[in-house]
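Have a look at coords-v4.txt; it's compact mmCIF, C-alpha atoms and all ligand atoms:
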```txt
# COMPACT_ATOMS: atom_id res chain seq x y z
CA MET A 1 -62.34 19.31 -87.86
CA SER A 2 -64.00 16.08 -86.80
CA GLY A 3 -66.48 16.27 -89.69
CA ASN A 4 -63.63 16.66 -92.08
CA MET A 5 -61.91 13.57 -90.77
CA ARG A 6 -64.95 11.42 -91.05
CA SER A 7 -65.59 12.43 -94.68
CA GLU A 8 -62.00 11.73 -95.87
CA GLY A 9 -61.12 8.29 -94.43
CA ILE A 10 -57.47 8.14 -95.58
CA SER A 11 -56.43 11.55 -94.45
CA TYR A 12 -58.24 10.81 -91.24
CA GLY A 13 -56.18 7.62 -90.88
CA GLU A 14 -52.91 9.31 -91.77
CA GLY A 15 -53.48 12.23 -89.50
CA TYR A 16 -54.42 9.94 -86.66
CA SER A 17 -51.46 7.69 -87.06
CA ARG A 18 -49.15 10.71 -87.19
CA PHE A 19 -50.86 11.92 -84.11
CA LEU A 20 -50.34 8.56 -82.47
CA GLN A 21 -46.71 8.42 -83.55
CA ASP A 22 -46.14 11.85 -82.09
CA LYS A 23 -47.87 10.79 -78.96
CA MET A 24 -45.74 7.64 -78.77
CA ARG A 25 -42.55 9.57 -79.24
CA GLN A 26 -43.64 11.94 -76.55
CA LEU A 27 -44.47 9.08 -74.25
CA GLU A 28 -41.16 7.41 -74.94
CA GLU A 29 -39.34 10.61 -74.13
CA THR A 30 -41.33 11.00 -70.97
CA ASN A 31 -40.59 7.41 -70.16
CA LEU A 32 -36.89 8.00 -70.63
CA LEU A 33 -37.07 11.08 -68.44
CA LEU A 34 -38.95 9.16 -65.80
CA ARG A 35 -36.47 6.32 -65.97
CA ASP A 36 -33.65 8.81 -65.50
CA ARG A 37 -35.38 10.29 -62.55
CA LEU A 38 -36.09 6.88 -61.10
CA GLU A 39 -32.46 6.00 -61.40
CA LYS A 40 -31.48 9.18 -59.63
CA ILE A 41 -33.99 8.57 -56.90
CA GLU A 42 -32.75 5.02 -56.48
CA GLN A 43 -29.22 6.33 -56.21
CA GLU A 44 -30.32 8.78 -53.58
CA SER A 45 -32.18 6.11 -51.74
CA ARG A 46 -29.08 3.93 -51.74
CA TYR A 47 -27.07 6.86 -50.43
CA TYR A 48 -29.55 7.49 -47.64
CA GLN A 49 -29.62 3.82 -46.74
CA GLU A 50 -25.87 3.90 -46.45
CA MET A 51 -26.07 6.96 -44.28
CA GLN A 52 -28.61 5.23 -42.12
CA VAL A 53 -26.32 2.26 -41.62
CA ARG A 54 -23.49 4.58 -40.79
CA TYR A 55 -25.50 6.51 -38.24
CA GLU A 56 -26.79 3.33 -36.68
CA ARG A 57 -23.25 2.16 -36.27
CA GLU A 58 -22.31 5.49 -34.70
CA ILE A 59 -25.23 5.18 -32.30
CA LYS A 60 -24.13 1.71 -31.35
CA ARG A 61 -20.59 2.91 -30.73
CA LEU A 62 -21.71 5.83 -28.60
CA ARG A 63 -24.05 3.55 -26.67
CA SER A 64 -21.26 1.13 -25.87
CA GLU A 65 -19.03 4.02 -24.89
CA LEU A 66 -21.72 5.26 -22.55
CA GLU A 67 -22.04 1.79 -21.15
CA LYS A 68 -18.30 1.69 -20.54
CA LEU A 69 -18.48 4.99 -18.70
CA ARG A 70 -21.25 3.61 -16.57
CA THR A 71 -19.52 0.39 -15.53
CA PRO A 72 -18.19 0.53 -12.00
CA PRO A 73 -14.41 0.42 -11.44
CA MET A 74 -12.86 -3.02 -11.16
CA LEU A 75 -10.82 -4.34 -8.29
CA VAL A 76 -7.29 -5.56 -8.76
CA GLY A 77 -6.49 -9.00 -7.43
CA THR A 78 -3.90 -11.71 -7.67
CA VAL A 79 -4.65 -15.31 -8.55
CA VAL A 80 -3.66 -17.53 -5.66
CA ASN A 81 -4.81 -20.89 -6.87
CA VAL A 82 -6.87 -22.39 -9.68
CA ILE A 83 -9.33 -24.89 -8.23
CA ASP A 84 -10.94 -26.29 -11.39
CA SER A 85 -12.05 -25.10 -14.81
CA LYS A 86 -14.73 -22.93 -13.26
CA ARG A 87 -13.45 -21.61 -9.98
CA LEU A 88 -10.30 -20.04 -8.66
CA VAL A 89 -9.00 -18.38 -5.51
CA VAL A 90 -7.96 -14.75 -5.78
CA ARG A 91 -6.56 -12.38 -3.22
CA SER A 92 -8.04 -8.95 -3.64
CA SER A 93 -5.77 -5.97 -3.21
CA THR A 94 -7.52 -5.17 0.05
CA GLY A 95 -6.32 -8.40 1.62
CA PRO A 96 -8.88 -11.21 1.94
CA GLN A 97 -9.05 -14.17 -0.43
CA TYR A 98 -12.14 -15.20 -2.35
CA VAL A 99 -13.31 -18.10 -4.46
CA VAL A 100 -14.56 -16.61 -7.71
CA THR A 101 -15.52 -17.53 -11.25
CA TYR A 102 -14.34 -15.92 -14.44
CA ALA A 103 -15.92 -14.53 -17.58
CA ARG A 104 -15.16 -17.03 -20.32
CA GLN A 105 -15.71 -14.59 -23.17
CA TYR A 106 -13.02 -12.18 -21.95
CA VAL A 107 -10.48 -14.36 -20.22
CA GLU A 108 -8.21 -16.98 -21.72
CA PRO A 109 -8.11 -19.79 -19.09
CA SER A 110 -4.45 -20.48 -19.84
CA GLU A 111 -3.58 -16.98 -18.61
CA LEU A 112 -5.04 -17.67 -15.21
CA VAL A 113 -1.95 -18.90 -13.43
CA PRO A 114 -1.09 -18.36 -9.77
CA GLY A 115 0.46 -14.93 -9.39
CA ALA A 116 -1.29 -13.37 -12.38
CA ARG A 117 -2.76 -9.94 -11.77
CA VAL A 118 -6.42 -9.76 -12.68
CA ALA A 119 -9.29 -7.30 -12.71
CA LEU A 120 -12.34 -8.31 -10.67
CA ASN A 121 -15.93 -7.24 -11.06
CA GLN A 122 -16.88 -5.27 -7.98
CA GLU A 123 -20.04 -7.15 -7.12
CA SER A 124 -19.43 -10.76 -8.04
CA LEU A 125 -15.63 -10.49 -7.92
CA ALA A 126 -15.61 -12.56 -11.10
CA VAL A 127 -12.39 -12.21 -13.07
CA VAL A 128 -13.10 -10.03 -16.09
CA SER A 129 -9.62 -9.61 -17.47
CA VAL A 130 -6.00 -10.53 -16.94
CA LEU A 131 -3.72 -7.54 -16.45
CA PRO A 132 -0.20 -7.25 -17.78
CA SER A 133 2.40 -8.57 -15.38
CA ALA A 134 3.62 -6.16 -12.72
CA ARG A 135 7.06 -6.80 -14.06
CA ASP A 136 6.03 -4.57 -16.91
CA PRO A 137 7.92 -1.43 -15.86
CA SER A 138 5.10 0.98 -16.53
CA VAL A 139 2.91 -0.86 -14.07
CA CYS A 140 4.99 -0.38 -10.98
CA GLY A 141 6.82 2.85 -11.62
CA MET A 142 10.20 1.53 -12.64
CA GLU A 143 12.03 3.19 -15.42
CA VAL A 144 13.93 1.05 -17.85
CA ILE A 145 16.37 2.93 -20.00
CA GLU A 146 17.91 0.64 -22.56
CA SER A 147 20.79 3.02 -23.04
CA PRO A 148 20.74 6.38 -21.28
CA ASP A 149 21.93 9.51 -23.07
CA VAL A 150 24.45 10.67 -20.48
CA ASP A 151 28.16 10.25 -21.01
CA TYR A 152 31.11 10.64 -18.67
CA SER A 153 32.08 13.73 -20.65
CA MET A 154 28.90 15.40 -19.44
CA ILE A 155 29.96 15.15 -15.81
CA GLY A 156 32.21 17.85 -14.50
CA GLY A 157 34.84 17.48 -11.83
CA LEU A 158 34.21 13.93 -10.68
CA ALA A 159 37.14 12.23 -12.37
CA GLU A 160 38.13 10.27 -9.29
CA GLN A 161 34.60 9.10 -8.62
CA ILE A 162 34.13 8.14 -12.24
CA GLU A 163 37.32 6.09 -12.07
CA GLU A 164 36.13 4.34 -8.95
CA ILE A 165 32.67 3.52 -10.20
CA ARG A 166 34.10 2.18 -13.44
CA GLU A 167 36.28 -0.12 -11.45
CA VAL A 168 33.52 -1.60 -9.35
CA VAL A 169 30.54 -1.50 -11.71
CA GLU A 170 31.83 -1.46 -15.25
CA LEU A 171 34.76 -3.79 -14.95
CA PRO A 172 32.83 -6.74 -13.48
CA LEU A 173 30.38 -6.43 -16.38
CA THR A 174 32.89 -5.95 -19.17
CA ALA A 175 35.81 -8.05 -17.96
CA PRO A 176 34.56 -10.58 -15.41
CA GLU A 177 37.46 -12.92 -16.23
CA ARG A 178 39.91 -10.55 -14.50
CA PHE A 179 38.10 -11.08 -11.22
CA GLU A 180 37.86 -14.81 -11.78
CA ARG A 181 41.54 -15.06 -12.50
CA VAL A 182 42.44 -13.50 -9.19
CA GLY A 183 39.60 -15.19 -7.38
CA VAL A 184 38.26 -12.02 -5.90
CA GLU A 185 34.60 -11.07 -5.71
CA PRO A 186 33.72 -7.62 -7.00
CA PRO A 187 31.67 -5.56 -4.58
CA ARG A 188 27.99 -6.34 -4.97
CA GLY A 189 26.64 -2.91 -4.43
CA VAL A 190 27.89 0.61 -4.70
CA LEU A 191 26.39 3.45 -2.75
CA LEU A 192 26.69 7.00 -4.00
CA ILE A 193 26.36 9.57 -1.27
CA GLY A 194 26.49 13.31 -1.45
CA PRO A 195 24.46 16.48 -1.16
CA PRO A 196 21.49 17.02 -3.51
CA GLY A 197 22.25 18.07 -7.06
CA THR A 198 25.87 16.99 -7.17
CA GLY A 199 25.50 14.46 -9.97
CA LYS A 200 24.75 11.11 -8.31
CA THR A 201 21.92 10.23 -10.66
CA LEU A 202 23.97 11.54 -13.56
CA LEU A 203 26.92 9.33 -12.68
CA ALA A 204 24.79 6.20 -12.45
CA LYS A 205 23.28 6.89 -15.86
CA ALA A 206 26.68 7.43 -17.43
CA VAL A 207 27.88 4.05 -16.21
CA ALA A 208 24.89 2.37 -17.76
CA LYS A 209 25.64 4.03 -21.07
CA ARG A 210 29.23 2.89 -21.10
CA THR A 211 28.52 -0.74 -20.30
CA SER A 212 25.59 -0.84 -22.72
CA ALA A 213 23.81 -2.63 -19.93
CA THR A 214 20.11 -2.22 -19.35
CA PHE A 215 19.65 0.48 -16.80
CA ILE A 216 16.76 -0.03 -14.43
CA ARG A 217 16.04 2.94 -12.27
CA VAL A 218 13.65 2.91 -9.40
CA VAL A 219 13.12 5.59 -6.83
CA GLY A 220 13.02 4.37 -3.25
CA SER A 221 9.76 6.07 -2.41
CA GLU A 222 8.01 4.11 -5.15
CA LEU A 223 8.76 0.94 -3.24
CA VAL A 224 6.88 2.24 -0.25
CA GLN A 225 3.42 0.86 -0.73
CA LYS A 226 0.20 1.07 1.12
CA TYR A 227 -0.63 -2.59 1.43
CA ILE A 228 1.17 -5.19 3.40
CA GLY A 229 3.70 -7.11 1.37
CA GLU A 230 3.34 -5.00 -1.76
CA GLY A 231 6.70 -3.27 -1.37
CA ALA A 232 8.49 -6.55 -0.78
CA ARG A 233 6.79 -8.04 -3.82
CA MET A 234 7.95 -5.09 -5.92
CA VAL A 235 11.53 -5.55 -4.74
CA ARG A 236 11.33 -9.22 -5.66
CA GLU A 237 10.00 -8.38 -9.10
CA LEU A 238 12.61 -5.68 -9.55
CA PHE A 239 15.44 -8.15 -9.02
CA ALA A 240 13.73 -10.74 -11.18
CA MET A 241 13.51 -8.18 -13.95
CA ALA A 242 17.16 -7.17 -13.50
CA LYS A 243 18.19 -10.80 -13.90
CA GLU A 244 15.94 -11.24 -16.89
CA LYS A 245 17.38 -8.21 -18.65
CA ALA A 246 20.98 -8.90 -17.68
CA PRO A 247 23.54 -7.50 -18.17
CA SER A 248 21.88 -4.81 -16.19
CA ILE A 249 22.44 -2.16 -13.62
CA LEU A 250 19.81 -1.79 -10.98
CA PHE A 251 19.85 1.74 -9.71
CA ILE A 252 17.89 2.50 -6.56
CA ASP A 253 17.76 6.26 -6.27
CA GLU A 254 16.84 7.97 -3.00
CA ILE A 255 17.36 4.67 -1.25
CA ASP A 256 16.88 6.30 2.15
CA ALA A 257 13.11 6.08 1.59
CA ILE A 258 13.19 2.36 2.36
CA ALA A 259 16.49 2.02 4.12
CA THR A 260 16.10 4.21 7.14
CA ARG A 261 17.51 2.89 10.37
CA ARG A 262 15.05 0.53 11.98
CA MET A 263 13.29 2.24 14.82
CA ASP A 264 10.38 0.41 16.27
CA ASP A 265 7.67 2.97 16.52
CA GLY A 266 5.14 0.17 16.14
CA SER A 267 3.14 1.75 13.35
CA SER A 268 2.14 -0.65 10.62
CA GLY A 269 3.47 1.75 7.99
CA GLU A 270 6.89 1.60 9.57
CA ARG A 271 6.76 -2.19 9.67
CA GLU A 272 5.82 -2.32 6.01
CA VAL A 273 8.81 -0.16 5.05
CA GLN A 274 10.99 -2.51 7.06
CA ARG A 275 9.59 -5.55 5.37
CA THR A 276 10.54 -3.96 2.06
CA LEU A 277 14.06 -3.33 3.34
CA MET A 278 14.39 -6.91 4.57
CA GLN A 279 13.39 -8.14 1.14
CA LEU A 280 15.97 -5.85 -0.43
CA LEU A 281 18.69 -7.19 1.86
CA ALA A 282 17.64 -10.77 1.14
CA GLU A 283 17.75 -10.15 -2.60
CA ILE A 284 21.19 -8.55 -2.41
CA ASP A 285 22.48 -11.45 -0.31
CA GLY A 286 20.89 -13.93 -2.66
CA PHE A 287 22.52 -13.12 -5.92
CA ASP A 288 25.82 -14.05 -7.37
CA PRO A 289 28.31 -11.18 -7.14
CA ARG A 290 30.01 -12.46 -10.28
CA GLY A 291 26.73 -12.41 -12.18
CA ASN A 292 25.97 -9.63 -14.56
CA VAL A 293 23.64 -7.58 -12.41
CA ARG A 294 25.14 -4.62 -10.55
CA ILE A 295 23.38 -2.57 -7.93
CA ILE A 296 23.91 1.12 -7.39
CA GLY A 297 22.20 3.00 -4.62
CA ALA A 298 22.14 6.75 -4.18
CA THR A 299 21.14 8.94 -1.30
CA ASN A 300 21.69 12.39 0.06
CA ARG A 301 20.88 11.27 3.61
CA PRO A 302 23.52 8.68 4.49
CA ASP A 303 23.13 9.67 8.12
CA ILE A 304 19.77 7.92 8.43
CA LEU A 305 20.63 4.69 6.60
CA ASP A 306 20.26 1.36 8.30
CA PRO A 307 23.77 0.03 9.08
CA ALA A 308 22.68 -3.43 7.88
CA LEU A 309 22.62 -2.05 4.36
CA LEU A 310 26.26 -1.03 4.58
CA ARG A 311 27.50 -4.35 5.88
CA PRO A 312 30.18 -6.06 3.80
CA GLY A 313 28.60 -8.04 1.02
CA ARG A 314 25.85 -5.51 0.53
CA PHE A 315 26.54 -1.90 -0.34
CA ASP A 316 30.12 -2.37 0.60
CA ARG A 317 31.61 0.31 -1.55
CA ILE A 318 30.73 3.86 -0.77
CA ILE A 319 31.55 6.59 -3.23
CA GLU A 320 31.33 10.13 -1.96
CA ILE A 321 30.24 12.77 -4.39
CA PRO A 322 31.46 16.10 -3.06
CA ILE A 323 30.23 19.60 -3.68
CA PRO A 324 32.37 20.77 -6.61
CA ASP A 325 35.47 22.84 -5.91
CA LYS A 326 36.48 25.81 -8.01
CA GLU A 327 38.04 23.82 -10.80
CA ALA A 328 35.13 21.43 -10.93
CA ARG A 329 32.70 24.32 -11.06
CA ALA A 330 34.53 25.82 -14.03
CA GLU A 331 34.34 22.44 -15.69
CA ILE A 332 30.61 22.14 -15.04
CA PHE A 333 30.09 25.67 -16.39
CA ARG A 334 31.98 24.63 -19.49
CA ILE A 335 29.75 21.57 -19.95
CA HIS A 336 26.50 23.43 -19.53
CA THR A 337 27.47 26.43 -21.66
CA ALA A 338 28.79 24.28 -24.50
CA ARG A 339 25.69 24.80 -26.61
CA LEU A 340 25.20 28.44 -25.66
CA LYS A 341 26.16 31.51 -27.67
CA LEU A 342 28.54 33.36 -25.35
CA LYS A 343 29.87 36.89 -25.54
CA ARG A 344 33.62 37.35 -25.53
CA ASP A 345 33.67 38.77 -22.03
CA VAL A 346 32.44 35.54 -20.44
CA ASP A 347 35.11 34.09 -18.20
CA LEU A 348 34.24 30.65 -16.86
CA ALA A 349 37.00 30.68 -14.25
CA LYS A 350 35.64 33.94 -12.92
CA LEU A 351 32.13 32.46 -12.79
CA ALA A 352 33.47 29.49 -10.83
CA GLU A 353 35.03 31.92 -8.39
CA LEU A 354 31.71 33.69 -7.92
CA THR A 355 29.78 30.51 -7.17
CA GLU A 356 31.30 29.17 -4.00
CA ASN A 357 29.24 26.26 -2.60
CA ALA A 358 27.14 25.90 -5.73
CA THR A 359 26.33 22.34 -6.79
CA GLY A 360 26.17 21.04 -10.33
CA ALA A 361 22.41 21.48 -10.31
CA ASP A 362 22.83 25.11 -9.17
CA ILE A 363 25.25 25.77 -12.00
CA LYS A 364 22.86 24.28 -14.49
CA ALA A 365 20.13 26.54 -13.10
CA ILE A 366 22.44 29.58 -13.34
CA VAL A 367 23.26 28.86 -16.97
CA THR A 368 19.59 28.39 -17.83
CA GLU A 369 18.65 31.56 -16.00
CA ALA A 370 21.37 33.56 -17.77
CA GLY A 371 20.09 32.24 -21.07
CA MET A 372 16.55 33.25 -20.17
CA LEU A 373 17.64 36.77 -19.22
CA THR A 374 19.39 37.09 -22.56
CA VAL A 375 16.28 36.00 -24.42
CA LYS A 376 14.14 38.37 -22.41
CA ALA A 377 16.42 41.30 -23.24
CA ASN A 378 16.35 40.20 -26.88
CA LYS A 379 20.15 39.99 -27.07
CA ARG A 380 22.09 37.72 -29.37
CA ALA A 381 24.56 36.18 -26.95
CA VAL A 382 24.86 35.61 -23.22
CA GLY A 383 27.23 38.02 -21.53
CA MET A 384 28.92 38.24 -18.15
CA GLU A 385 26.23 40.68 -17.05
CA GLU A 386 23.49 38.06 -17.45
CA PHE A 387 25.55 35.47 -15.62
CA GLU A 388 26.10 37.78 -12.68
CA HIS A 389 22.37 38.48 -12.47
CA ALA A 390 21.59 34.80 -12.68
CA ILE A 391 24.09 33.91 -9.97
CA LYS A 392 22.50 36.39 -7.61
CA LYS A 393 19.06 35.06 -8.34
CA VAL A 394 19.83 31.35 -8.06
CA MET A 395 22.24 31.50 -5.16
CA VAL A 396 19.96 33.67 -3.04
CA ASN A 397 16.84 31.65 -3.80
CA GLY A 398 18.28 28.28 -3.07
CA HIS A 399 20.65 28.87 -0.21
CA ARG A 400 20.96 26.99 2.23
CA GLY A 401 22.92 26.65 5.33
CA TYR A 402 21.87 23.09 6.04
CA MET A 403 24.39 21.39 3.86
CA MET A 404 26.73 19.35 5.91
CA SER A 405 30.29 19.00 4.92
CA LEU A 406 31.39 15.69 3.51
CA LYS A 407 33.68 15.16 6.45
CA ASP A 408 30.66 15.10 8.76
CA MET A 409 28.99 12.70 6.40
CA SER A 410 31.78 10.19 6.24
CA ALA A 411 32.25 10.47 9.97
CA MET A 412 28.83 8.95 10.33
CA PHE A 413 29.96 5.68 8.85
CA ARG A 414 32.65 5.12 11.36
N1 LIG A 501 29.12 17.16 -11.75
C1 LIG A 501 28.18 17.61 -12.59
N2 LIG A 501 28.49 17.89 -13.88
C2 LIG A 501 27.58 18.37 -14.74
N3 LIG A 501 26.29 18.57 -14.41
C3 LIG A 501 25.91 18.31 -13.15
C4 LIG A 501 26.81 17.81 -12.19
N4 LIG A 501 26.17 17.63 -11.03
C5 LIG A 501 24.90 17.99 -11.26
N5 LIG A 501 24.72 18.41 -12.52
C6 LIG A 501 23.46 18.89 -13.11
O1 LIG A 501 22.47 18.88 -12.12
C7 LIG A 501 21.40 18.02 -12.46
C8 LIG A 501 20.97 17.23 -11.25
O2 LIG A 501 21.97 16.30 -10.93
P1 LIG A 501 21.61 14.86 -10.34
O3 LIG A 501 20.23 14.50 -10.67
O4 LIG A 501 22.67 13.93 -10.76
O5 LIG A 501 21.73 15.18 -8.79
P2 LIG A 501 21.70 14.14 -7.58
O6 LIG A 501 23.07 14.13 -7.00
O7 LIG A 501 21.14 12.86 -8.03
O8 LIG A 501 20.74 14.90 -6.57
P3 LIG A 501 19.66 14.29 -5.54
O9 LIG A 501 20.42 13.84 -4.34
O10 LIG A 501 18.81 15.46 -5.24
O11 LIG A 501 18.96 13.19 -6.26
C9 LIG A 501 21.91 17.15 -13.56
O12 LIG A 501 20.90 16.84 -14.47
C10 LIG A 501 23.00 17.99 -14.21
O13 LIG A 501 22.46 18.77 -15.24
MG MG A 502 19.33 11.95 -7.72
```

Just give me the structure of the file as structure tokens.
Amino acid sequence: MSGNMRSEGISYGEGYSRFLQDKMRQLEETNLLLRDRLEKIEQESRYYQEMQVRYEREIKRLRSELEKLRTPPMLVGTVVNVIDSKRLVVRSSTGPQYVVTYARQYVEPSELVPGARVALNQESLAVVSVLPSARDPSVCGMEVIESPDVDYSMIGGLAEQIEEIREVVELPLTAPERFERVGVEPPRGVLLIGPPGTGKTLLAKAVAKRTSATFIRVVGSELVQKYIGEGARMVRELFAMAKEKAPSILFIDEIDAIATRRMDDGSSGEREVQRTLMQLLAEIDGFDPRGNVRIIGATNRPDILDPALLRPGRFDRIIEIPIPDKEARAEIFRIHTARLKLKRDVDLAKLAELTENATGADIKAIVTEAGMLTVKANKRAVGMEEFEHAIKKVMVNGHRGYMMSLKDMSAMFR
């Protein structure tokens, strides 16, 4: 072949150039292929780089999370005084006061005002953040219900009491001019007393609904705090909040927790509870009875209340919530069975007859239990049979010879 090429120059040249052209085409194709592949590889590389960035970010996040888990808990303190732009005095929740600095990158200096609640680093006690004000209801266990979902129609058998509470709580809020005209001061506080489960809390909520006032509910035991002065501070803040959100109804449920008769047993816990009570009395004395804040207290232990609380000008109207009589019980049965599918044989008057001494809460429990029995037996509607079972179950479980009669209760106030 090579000899042939050398002897015939032209054909040699033609063949060679064809060969070269072929070769070039081949190379170009290969080049294209390679370029394709390169592009793909570059794409992949970009993808992996992205992934890397993402994973690095994830690592960073997890690291910082770990760090957070490792940081020691912070102390809670209150700013007492700001000395200068670098130092301030804080009182730690354990009592003593300290001069401390604060972390500029986390804390806005303008938020550091006396009385602000702050978080302190455990070692240096430097302020690391400013906490939301204790007046924020979630912080100190108050419950603010803008408009509760209980209506007078959901309360059975307390028509007289409803009338009375409307007179002394609702009227001063809705028609204050009537009191002004006559020149009489409406009672400042109303105390609801009665055995457990008779509808005291229910009644207070219903009033709030009707007046469209802000309803602030606090349970007495939440005002009993461990540290000196904390309970009194909470009472102060409670009243400040009630004024801020006026018109409002401040409802102190289970008020006996802070208002037990003062007995000096000398324990510091006892003294702290008393300090809280004194603050409560001072706050009640301090506000304008014609203003648009009403106080309602409720307790099922009126026998242990401090008489100072019942003095005129404080809780000077007492509303007794009795155990429901037969008619009231039928009414309460009607309310609680309203949404239930009942068989024809169900006779509410008969049920009321069968449930002597039952409270509203008992009746609610009976209705629920009867419903449960019906579901368990896979029946379509609740019948008398289920109710009778439920009555046996609830009334035996809960009962209960300790209940004093209302006569005994009211006798205690004389
Ligand atoms: N008169 C009533 N009418 C309708 N339901 C009632 C009545 N009394 C009580 N109940 C039912 O019982 C439940 C408990 O009542 P409530 O919380 O008002 O009792 P209480 O008097 O505040 O008791 P305690 O002294 O234990 O706080 C209510 O949610 C309601 O379902
Ligand atoms: Mg209650």

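Proximity to ligand LIG 501 (chain A) was assessed for A:Ala328, A:Leu32, A:Leu125, A:Ala208 counting all atoms listed in the file; the smallest distance is recorded for A:Ala328.
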
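Note that atom CA of Met154 of chain A and atom C2 of ligand LIG 501 (chain A) are 5.7 Å apart.
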
Which chains and residue numbers are within 8 Å of ligand LIG 501 (chain A), counting all atoms listed in the file, if I want them as JSON, numbers by chain? {"A": [154, 155, 156, 157, 158, 193, 194, 195, 196, 197, 198, 199, 200, 201, 202, 203, 253, 254, 298, 299, 300, 321, 324, 328, 331, 332, 333, 335, 336, 359, 360, 361, 362, 363, 364]}

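Atom CA of Val168 of chain A sits 12.1 Å away from atom CA of Thr211 of chain A.
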
Of the candidates A:Ala103, A:Gly189, A:Pro322, A:Val394, which one gets nearest to Ile284 of chain A if we count only C-alpha atoms? A:Gly189

Quick one: pull the distance between atom CA of Phe251 of chain A and atom CA of Pro172 of chain A, Å, one decimal. 16.0 Å

Cut-off 6 Å around (-16.0, -17.5, -13.8) with all atoms listed in the file: residues as a PyMOL selection string: chain A and resi 86+101-103+126

Just C-alpha atoms for this one: save the residues we selected as a compact mmCIF listing (two decimals), in the frame of the given file.
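Here's the written file selection.txt:
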```
# COMPACT_ATOMS: atom_id res chain seq x y z
CA LYS A 86 -14.73 -22.93 -13.26
CA THR A 101 -15.52 -17.53 -11.25
CA TYR A 102 -14.34 -15.92 -14.44
CA ALA A 103 -15.92 -14.53 -17.58
CA ALA A 126 -15.61 -12.56 -11.10
```

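Comparing A:Glu272, A:Glu14, A:Glu167, A:Asp256 by their smallest distance to ligand MG 502 (chain A), the closest is A:Asp256 (using only C-alpha atoms and all ligand atoms).
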
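In terms of minimum interatomic distance to Asn121 of chain A, A:Met74 ranks closest within A:Ile162, A:Ile258, A:Met74, A:Ala308, counting all atoms listed in the file.
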
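For the set A:Glu44, A:Arg301, A:Thr214, A:Arg117, the residue with the smallest atom-to-atom gap to ligand MG 502 (chain A) is A:Arg301, counting only C-alpha atoms and all ligand atoms.
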
Completion of segment 50-63 of chain A up to N, CA and C atoms, as an mmCIF file, in the coordinates of the input:
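The resulting rebuild.cif:
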```cif
data_model
loop_
_atom_site.group_PDB
_atom_site.id
_atom_site.type_symbol
_atom_site.label_atom_id
_atom_site.label_comp_id
_atom_site.auth_asym_id
_atom_site.auth_seq_id
_atom_site.Cartn_x
_atom_site.Cartn_y
_atom_site.Cartn_z
ATOM 1 N N GLU A 50 -27.245 3.990 -46.968
ATOM 2 C CA GLU A 50 -25.870 3.900 -46.450
ATOM 3 C C GLU A 50 -25.676 4.796 -45.238
ATOM 4 N N MET A 51 -26.180 6.019 -45.404
ATOM 5 C CA MET A 51 -26.070 6.960 -44.280
ATOM 6 C C MET A 51 -26.722 6.393 -43.035
ATOM 7 N N GLN A 52 -27.889 5.774 -43.270
ATOM 8 C CA GLN A 52 -28.610 5.230 -42.120
ATOM 9 C C GLN A 52 -27.740 4.190 -41.404
ATOM 10 N N VAL A 53 -27.164 3.290 -42.216
ATOM 11 C CA VAL A 53 -26.320 2.260 -41.620
ATOM 12 C C VAL A 53 -25.182 2.894 -40.834
ATOM 13 N N ARG A 54 -24.615 3.933 -41.450
ATOM 14 C CA ARG A 54 -23.490 4.580 -40.790
ATOM 15 C C ARG A 54 -23.916 5.186 -39.444
ATOM 16 N N TYR A 55 -25.034 5.883 -39.480
ATOM 17 C CA TYR A 55 -25.500 6.510 -38.240
ATOM 18 C C TYR A 55 -25.853 5.476 -37.187
ATOM 19 N N GLU A 56 -26.466 4.359 -37.665
ATOM 20 C CA GLU A 56 -26.790 3.330 -36.680
ATOM 21 C C GLU A 56 -25.537 2.797 -36.010
ATOM 22 N N ARG A 57 -24.506 2.628 -36.838
ATOM 23 C CA ARG A 57 -23.250 2.160 -36.270
ATOM 24 C C ARG A 57 -22.717 3.158 -35.244
ATOM 25 N N GLU A 58 -22.775 4.433 -35.600
ATOM 26 C CA GLU A 58 -22.310 5.490 -34.700
ATOM 27 C C GLU A 58 -23.079 5.435 -33.375
ATOM 28 N N ILE A 59 -24.408 5.252 -33.517
ATOM 29 C CA ILE A 59 -25.230 5.180 -32.300
ATOM 30 C C ILE A 59 -24.772 4.024 -31.431
ATOM 31 N N LYS A 60 -24.543 2.882 -32.099
ATOM 32 C CA LYS A 60 -24.130 1.710 -31.350
ATOM 33 C C LYS A 60 -22.818 1.987 -30.612
ATOM 34 N N ARG A 61 -21.889 2.636 -31.326
ATOM 35 C CA ARG A 61 -20.590 2.910 -30.730
ATOM 36 C C ARG A 61 -20.719 3.825 -29.519
ATOM 37 N N LEU A 62 -21.527 4.881 -29.712
ATOM 38 C CA LEU A 62 -21.710 5.830 -28.600
ATOM 39 C C LEU A 62 -22.388 5.147 -27.422
ATOM 40 N N ARG A 63 -23.384 4.268 -27.752
ATOM 41 C CA ARG A 63 -24.050 3.550 -26.670
ATOM 42 C C ARG A 63 -23.049 2.735 -25.864
#
```
